[in-house]
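Containing TSV, C-alpha atoms: my_file34.tsv.
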```tsv
chain	number	residue	atom	x	y	z
N	129	MET	CA	92.95	45.35	-77.91
N	130	LEU	CA	96.72	45.23	-78.30
N	131	ASN	CA	98.81	42.36	-76.90
N	132	GLN	CA	96.09	41.56	-74.35
N	133	SER	CA	97.41	44.45	-72.28
N	134	VAL	CA	96.27	47.72	-73.86
N	135	ILE	CA	92.81	48.78	-74.99
N	136	TYR	CA	92.90	51.12	-77.97
N	137	ASP	CA	89.85	53.05	-79.13
N	138	GLY	CA	90.33	53.87	-82.80
N	139	LEU	CA	87.40	56.32	-82.75
N	140	THR	CA	88.70	58.55	-79.96
N	141	GLY	CA	92.44	57.84	-79.86
N	142	LYS	CA	92.37	56.73	-76.23
N	143	LEU	CA	94.66	54.12	-74.71
N	144	VAL	CA	93.93	52.26	-71.48
N	145	SER	CA	96.54	50.05	-69.87
N	146	LEU	CA	95.18	46.86	-68.31
N	147	ARG	CA	98.29	46.64	-66.15
N	148	ASN	CA	97.66	49.74	-64.08
N	149	GLY	CA	94.39	51.17	-65.42
N	150	GLN	CA	96.01	54.39	-66.64
N	151	HIS	CA	94.28	56.33	-69.41
N	152	HIS	CA	96.12	58.20	-72.17
N	153	GLN	CA	94.73	60.49	-74.83
N	154	LEU	CA	96.85	60.44	-77.98
N	155	ARG	CA	97.51	63.59	-79.93
N	156	SER	CA	96.10	63.82	-83.42
N	157	ASN	CA	99.30	62.85	-85.27
N	158	GLU	CA	100.16	60.10	-82.76
N	159	TRP	CA	96.64	58.73	-83.17
N	160	LYS	CA	96.97	58.68	-86.97
N	161	LEU	CA	100.41	57.09	-86.74
N	162	LEU	CA	99.28	54.29	-84.43
N	163	GLN	CA	96.28	53.58	-86.61
N	164	LEU	CA	98.55	53.46	-89.68
N	165	LEU	CA	100.88	50.97	-87.99
N	166	ILE	CA	97.98	48.79	-86.82
N	167	ASP	CA	96.41	48.76	-90.29
N	168	ASN	CA	99.77	47.65	-91.70
N	169	ALA	CA	100.79	45.32	-88.86
N	170	GLY	CA	103.76	43.12	-89.76
N	171	LEU	CA	104.75	45.34	-92.68
N	172	ASP	CA	107.83	47.55	-92.81
N	173	MET	CA	106.60	51.15	-92.87
N	174	THR	CA	109.33	53.48	-94.09
N	175	VAL	CA	109.76	57.00	-92.77
N	176	PRO	CA	108.76	58.59	-96.12
N	177	GLN	CA	105.58	56.48	-96.16
N	178	ILE	CA	104.72	57.57	-92.63
N	179	LEU	CA	105.41	61.22	-93.42
N	180	GLU	CA	103.18	61.09	-96.47
N	181	SER	CA	100.32	59.24	-94.73
N	182	VAL	CA	100.28	61.19	-91.47
N	183	TRP	CA	101.70	64.64	-92.28
N	184	LYS	CA	101.10	64.71	-96.05
N	185	GLY	CA	104.85	65.12	-96.51
N	186	ARG	CA	104.90	68.54	-94.82
N	187	ARG	CA	107.15	67.59	-91.89
N	188	ALA	CA	110.75	66.53	-91.40
N	189	LYS	CA	111.86	63.01	-90.48
N	190	SER	CA	112.42	64.13	-86.90
N	191	SER	CA	108.63	64.43	-86.50
N	192	VAL	CA	108.30	60.68	-87.10
N	193	VAL	CA	111.03	59.91	-84.55
N	194	THR	CA	109.36	62.12	-81.94
N	195	ALA	CA	105.90	60.64	-82.55
N	196	ILE	CA	107.25	57.06	-82.33
N	197	LYS	CA	109.01	57.94	-79.08
N	198	ASN	CA	105.78	59.34	-77.61
N	199	LEU	CA	103.80	56.30	-78.73
N	200	ARG	CA	106.28	53.95	-77.09
N	201	HIS	CA	105.99	55.94	-73.89
N	202	GLN	CA	102.19	55.75	-73.94
N	203	LEU	CA	102.29	52.02	-74.71
N	204	ASP	CA	104.99	51.39	-72.09
N	205	ASP	CA	107.11	49.89	-74.86
N	206	ARG	CA	110.91	49.57	-74.86
N	207	VAL	CA	113.31	50.08	-77.76
N	208	ASP	CA	115.69	47.27	-76.78
N	209	SER	CA	112.92	44.70	-76.25
N	210	PRO	CA	109.84	45.99	-78.09
N	211	SER	CA	106.39	44.51	-77.70
N	212	PHE	CA	104.51	46.91	-79.96
N	213	ILE	CA	106.75	48.91	-82.32
N	214	GLN	CA	109.99	47.49	-83.66
N	215	THR	CA	112.61	49.66	-85.34
N	216	GLN	CA	113.93	48.46	-88.68
N	217	VAL	CA	117.51	49.69	-89.04
N	218	MET	CA	117.97	52.08	-91.96
N	219	SER	CA	114.38	51.45	-93.00
N	220	GLY	CA	111.44	52.29	-90.79
N	221	TYR	CA	109.13	50.69	-88.24
N	222	VAL	CA	107.05	47.53	-87.92
N	223	PHE	CA	104.03	47.03	-85.68
N	224	ILE	CA	104.57	43.61	-84.09
N	225	ALA	CA	101.83	43.55	-81.45
N	226	GLN	CA	98.82	41.26	-81.72
N	227	ALA	CA	95.65	43.25	-82.32
N	228	GLU	CA	92.10	42.01	-81.90
N	229	ILE	CA	88.68	43.62	-81.97
N	230	ILE	CA	86.63	43.44	-78.77
N	231	THR	CA	83.10	44.57	-77.91
N	232	GLN	CA	82.07	47.36	-75.58
N	233	ARG	CA	80.89	44.77	-73.09
N	234	ASP	CA	84.35	43.21	-73.07
N	235	VAL	CA	85.87	46.65	-72.49
N	236	LYS	CA	83.70	47.22	-69.40
N	237	ARG	CA	84.53	43.76	-68.09
N	238	LEU	CA	88.26	44.27	-68.55
N	239	LEU	CA	88.25	47.74	-66.99
N	240	ALA	CA	86.04	46.85	-64.02
N	241	PRO	CA	88.95	45.85	-61.71
N	242	HIS	CA	90.71	49.14	-62.50
N	243	ARG	CA	87.84	51.46	-61.70
N	244	SER	CA	89.04	53.83	-59.02
N	245	HIS	CA	87.27	54.51	-55.78
N	246	TRP	CA	86.32	58.00	-56.95
N	247	ILE	CA	84.86	56.68	-60.20
N	248	ARG	CA	82.61	54.37	-58.19
N	249	ILE	CA	81.55	57.28	-56.02
N	250	VAL	CA	80.72	59.39	-59.07
N	251	SER	CA	78.75	56.51	-60.55
N	252	ARG	CA	76.81	56.13	-57.32
N	253	PHE	CA	76.22	59.87	-57.17
N	254	HIS	CA	74.73	59.75	-60.67
N	255	HIS	CA	71.95	57.48	-59.37
N	256	ILE	CA	71.11	59.46	-56.22
N	257	ARG	CA	71.71	62.99	-57.48
N	258	TRP	CA	68.03	63.99	-57.23
N	259	GLN	CA	67.69	62.73	-53.68
N	260	LEU	CA	70.90	64.51	-52.73
N	261	ALA	CA	69.63	67.70	-54.37
N	262	CYS	CA	66.46	67.54	-52.24
N	263	TYR	CA	68.48	66.99	-49.07
N	264	LEU	CA	70.73	69.94	-49.89
N	265	ALA	CA	67.72	72.15	-50.64
N	266	ASN	CA	66.11	71.23	-47.30
N	267	ALA	CA	69.37	71.87	-45.47
N	268	ALA	CA	69.69	75.26	-47.17
N	269	CYS	CA	66.13	76.23	-46.18
N	270	LEU	CA	66.76	75.16	-42.59
N	271	ALA	CA	69.98	77.19	-42.50
N	272	VAL	CA	68.12	80.27	-43.80
N	273	ILE	CA	65.43	79.87	-41.12
N	274	VAL	CA	68.00	79.49	-38.34
N	275	LEU	CA	70.08	82.46	-39.51
N	276	THR	CA	66.98	84.63	-39.91
N	277	SER	CA	65.77	83.71	-36.43
N	278	LEU	CA	69.16	84.54	-34.93
N	279	SER	CA	69.21	87.90	-36.70
N	280	LEU	CA	65.70	88.75	-35.46
N	281	PHE	CA	66.64	87.68	-31.94
N	282	ARG	CA	69.68	89.98	-31.97
N	283	LEU	CA	67.52	92.84	-33.22
N	284	GLY	CA	65.15	92.34	-30.28
N	285	ALA	CA	62.17	90.98	-32.19
N	286	PHE	CA	61.52	88.40	-29.47
N	287	ASP	CA	62.08	90.64	-26.47
N	288	GLN	CA	58.38	90.91	-25.72
N	289	TYR	CA	58.04	87.13	-25.62
N	290	VAL	CA	61.08	86.83	-23.38
N	291	THR	CA	59.60	89.46	-21.07
N	292	MET	CA	56.29	87.65	-20.96
N	293	ARG	CA	58.13	84.46	-20.12
N	294	GLN	CA	60.04	86.18	-17.37
N	295	SER	CA	56.90	87.83	-16.03
N	296	THR	CA	55.34	84.43	-15.41
N	297	ARG	CA	58.04	83.69	-12.89
N	298	VAL	CA	56.73	83.76	-9.34
N	299	VAL	CA	58.92	86.15	-7.36
N	300	PRO	CA	58.44	86.39	-3.59
N	301	MET	CA	57.86	89.86	-2.22
N	302	ILE	CA	58.02	91.27	1.26
N	303	ILE	CA	56.22	94.43	2.30
N	304	ALA	CA	58.17	96.80	4.52
N	305	THR	CA	55.82	99.03	6.52
N	306	PRO	CA	56.71	101.76	9.01
N	307	ASN	CA	57.50	100.45	12.46
N	308	GLY	CA	57.22	96.84	11.21
N	309	GLU	CA	53.45	96.90	11.22
N	310	ALA	CA	51.55	94.12	9.52
N	311	PRO	CA	50.47	95.22	6.03
N	312	ASN	CA	46.79	95.93	5.66
N	313	LYS	CA	44.70	95.36	2.55
N	314	ARG	CA	45.46	98.82	1.19
N	315	ALA	CA	49.22	98.26	1.52
N	316	ILE	CA	48.94	94.92	-0.26
N	317	ARG	CA	46.95	96.53	-3.10
N	318	ILE	CA	49.57	99.27	-3.49
N	319	CYS	CA	52.46	96.78	-3.66
N	320	ASN	CA	50.59	94.55	-6.11
N	321	SER	CA	49.89	97.61	-8.25
N	322	LEU	CA	53.59	98.52	-8.28
N	323	LEU	CA	54.50	94.96	-9.24
N	324	PHE	CA	51.90	94.85	-12.00
N	325	ASP	CA	53.11	98.17	-13.42
N	326	ALA	CA	56.74	96.99	-13.41
N	327	GLU	CA	55.79	93.79	-15.23
N	328	GLN	CA	53.66	95.53	-17.85
N	329	THR	CA	56.35	98.08	-18.65
N	330	SER	CA	59.13	95.46	-18.71
N	331	ARG	CA	60.94	97.19	-15.85
N	332	LEU	CA	60.77	94.37	-13.35
N	333	TYR	CA	64.35	93.16	-13.86
N	334	GLN	CA	65.64	96.72	-14.20
N	335	LEU	CA	64.55	97.70	-10.72
N	336	PRO	CA	67.41	98.79	-8.45
N	337	VAL	CA	68.88	96.67	-5.71
N	338	ALA	CA	68.31	98.54	-2.46
N	339	PRO	CA	67.78	96.47	0.69
N	340	GLU	CA	67.06	99.60	2.68
N	341	ILE	CA	65.45	102.71	1.27
N	342	THR	CA	63.89	105.79	2.79
N	343	SER	CA	61.45	107.39	0.42
N	344	PRO	CA	58.28	109.37	1.08
N	345	HIS	CA	56.59	107.44	-1.73
N	346	PRO	CA	55.84	103.72	-2.18
N	347	SER	CA	58.62	102.02	-4.15
N	348	LEU	CA	59.63	98.58	-5.33
N	349	THR	CA	63.23	97.30	-5.28
N	350	TRP	CA	65.17	94.07	-5.27
N	351	SER	CA	66.27	93.00	-1.86
N	352	THR	CA	69.27	90.94	-3.09
N	353	HIS	CA	71.69	91.12	-5.99
N	354	ASN	CA	70.44	87.72	-7.19
N	355	ARG	CA	67.06	89.35	-7.87
N	356	ASP	CA	65.18	86.55	-6.20
N	357	LEU	CA	63.33	88.63	-3.58
N	358	LEU	CA	61.34	91.83	-4.09
N	359	LYS	CA	60.83	94.39	-1.38
N	360	CYS	CA	57.98	96.85	-1.37
N	361	HIS	CA	58.84	99.95	0.67
N	362	LEU	CA	55.84	101.79	2.08
N	363	PRO	CA	55.83	105.05	4.01
N	364	HIS	CA	53.19	105.70	6.62
N	365	ILE	CA	49.82	104.92	5.03
N	366	ASN	CA	46.58	105.95	6.57
N	367	SER	CA	44.04	103.21	6.72
```

Mind turning this structure into structure tokens?
Amino acid sequence: MLNQSVIYDGLTGKLVSLRNGQHHQLRSNEWKLLQLLIDNAGLDMTVPQILESVWKGRRAKSSVVTAIKNLRHQLDDRVDSPSFIQTQVMSGYVFIAQAEIITQRDVKRLLAPHRSHWIRIVSRFHHIRWQLACYLANAACLAVIVLTSLSLFRLGAFDQYVTMRQSTRVVPMIIATPNGEAPNKRAIRICNSLLFDAEQTSRLYQLPVAPEITSPHPSLTWSTHNRDLLKCHLPHINS
């Protein structure tokens, strides 16, 4: 840990600020440069020394200046009042921060207040992922069943059951005989036969609406547009 404010992982090159919880991943050369400065804390590291140690002498001095600038930005350090890297005029750089080694347990304790809401959610999800997977699988199966049932319903697969349900409805029926005579047993049998045939062939609710009809043959119609009253029309029937 650097200056009690920044956690530095020398194995991965990651920086974590304890001020705001921000994470930074150093580039390879920046990582090597910071490690070099920490290993030589308090010592004046000249630009040629840095070039040789980090870039094997294959870069210009401007590379050191750029890397130092990036490190200061990642460490939230200032040139005029440095807390980590101090510039030695006409010489090089000195690492002035206090560095100490801490354990992984200390890292978790220090970072706990900075864990974001989403990180806590992800951590919680890690523990219940199998339960959530089962819930999602059940929901998917239920959705498939519902969609399949709707498709079958639209294709008419349940029409026969709907018709059977409708046929159980008790519909009143009047028998219209010639001259208003009272219907005899034969007339009642004929009308019941017409009703049974209409129900069995699913034509009951397709019968026409005709309050008055003159036909030489027995017929069955709806007496009202609401289809709540059937009318059996009978011509003259011999007893």

Among the residues N:Leu335, N:Gly220, N:Pro346, N:Asn168, the one that comes closest to Pro306 of chain N [using only C-alpha atoms]: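 Between N:Leu335, N:Gly220, N:Pro346, N:Asn168, the residue approaching Pro306 of chain N most closely is N:Pro346.
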
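Counting only C-alpha atoms and comparing N:Tyr263, N:Phe281, N:Tyr136, N:Tyr221, the residue that lies closest to Ala195 of chain N is N:Tyr221.
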
Give me, as a list in words, all polymer residues having an atom no more than 6 Å from segment 300-304 of chain N, counting all atoms listed in the file and skipping those fewer than 2 positions away in the same chain.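 That gives Leu357, Leu358, Lys359, Cys360 and His361 of chain N.
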
So which residues touch Leu146 of chain N within 7 Å, counting only C-alpha atoms, skipping near sequence neighbours fewer than 3 positions away, as an mmCIF file with C-alpha atoms, in the frame of the given file?
```cif
data_model
loop_
_atom_site.group_PDB
_atom_site.id
_atom_site.type_symbol
_atom_site.label_atom_id
_atom_site.label_comp_id
_atom_site.auth_asym_id
_atom_site.auth_seq_id
_atom_site.Cartn_x
_atom_site.Cartn_y
_atom_site.Cartn_z
ATOM 1 C CA SER N 133 97.410 44.450 -72.280
ATOM 2 C CA VAL N 134 96.270 47.720 -73.860
ATOM 3 C CA GLY N 149 94.390 51.170 -65.420
#
```

Ranking N:Ser321, N:Gln153, N:Ser211, N:Thr174 by minimum distance to Asn131 of chain N and counting all atoms listed in the file, which one comes first?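 Of N:Ser321, N:Gln153, N:Ser211, N:Thr174, the one nearest Asn131 of chain N, counting all atoms listed in the file, is N:Ser211.
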
Give the answer as one residue: which of N:Ala261, N:Leu280, N:Ile224, N:Leu322 has the shortest atom-to-atom distance to Leu171 of chain N, using all atoms listed in the file?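 Using all atoms listed in the file, the shortest distance to Leu171 of chain N belongs to N:Ile224.
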
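Distances here use all atoms listed in the file; by that measure, the residue among N:Ala169, N:Leu260, N:Ile273, N:Leu161 closest to Val192 of chain N is N:Leu161.
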
For Ser219 of chain N, which residue among N:Ile178, N:Leu130, N:Cys269, N:Leu348 is the nearest when counting all atoms listed in the file?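 Of all the options, N:Ile178 lies closest to Ser219 of chain N.
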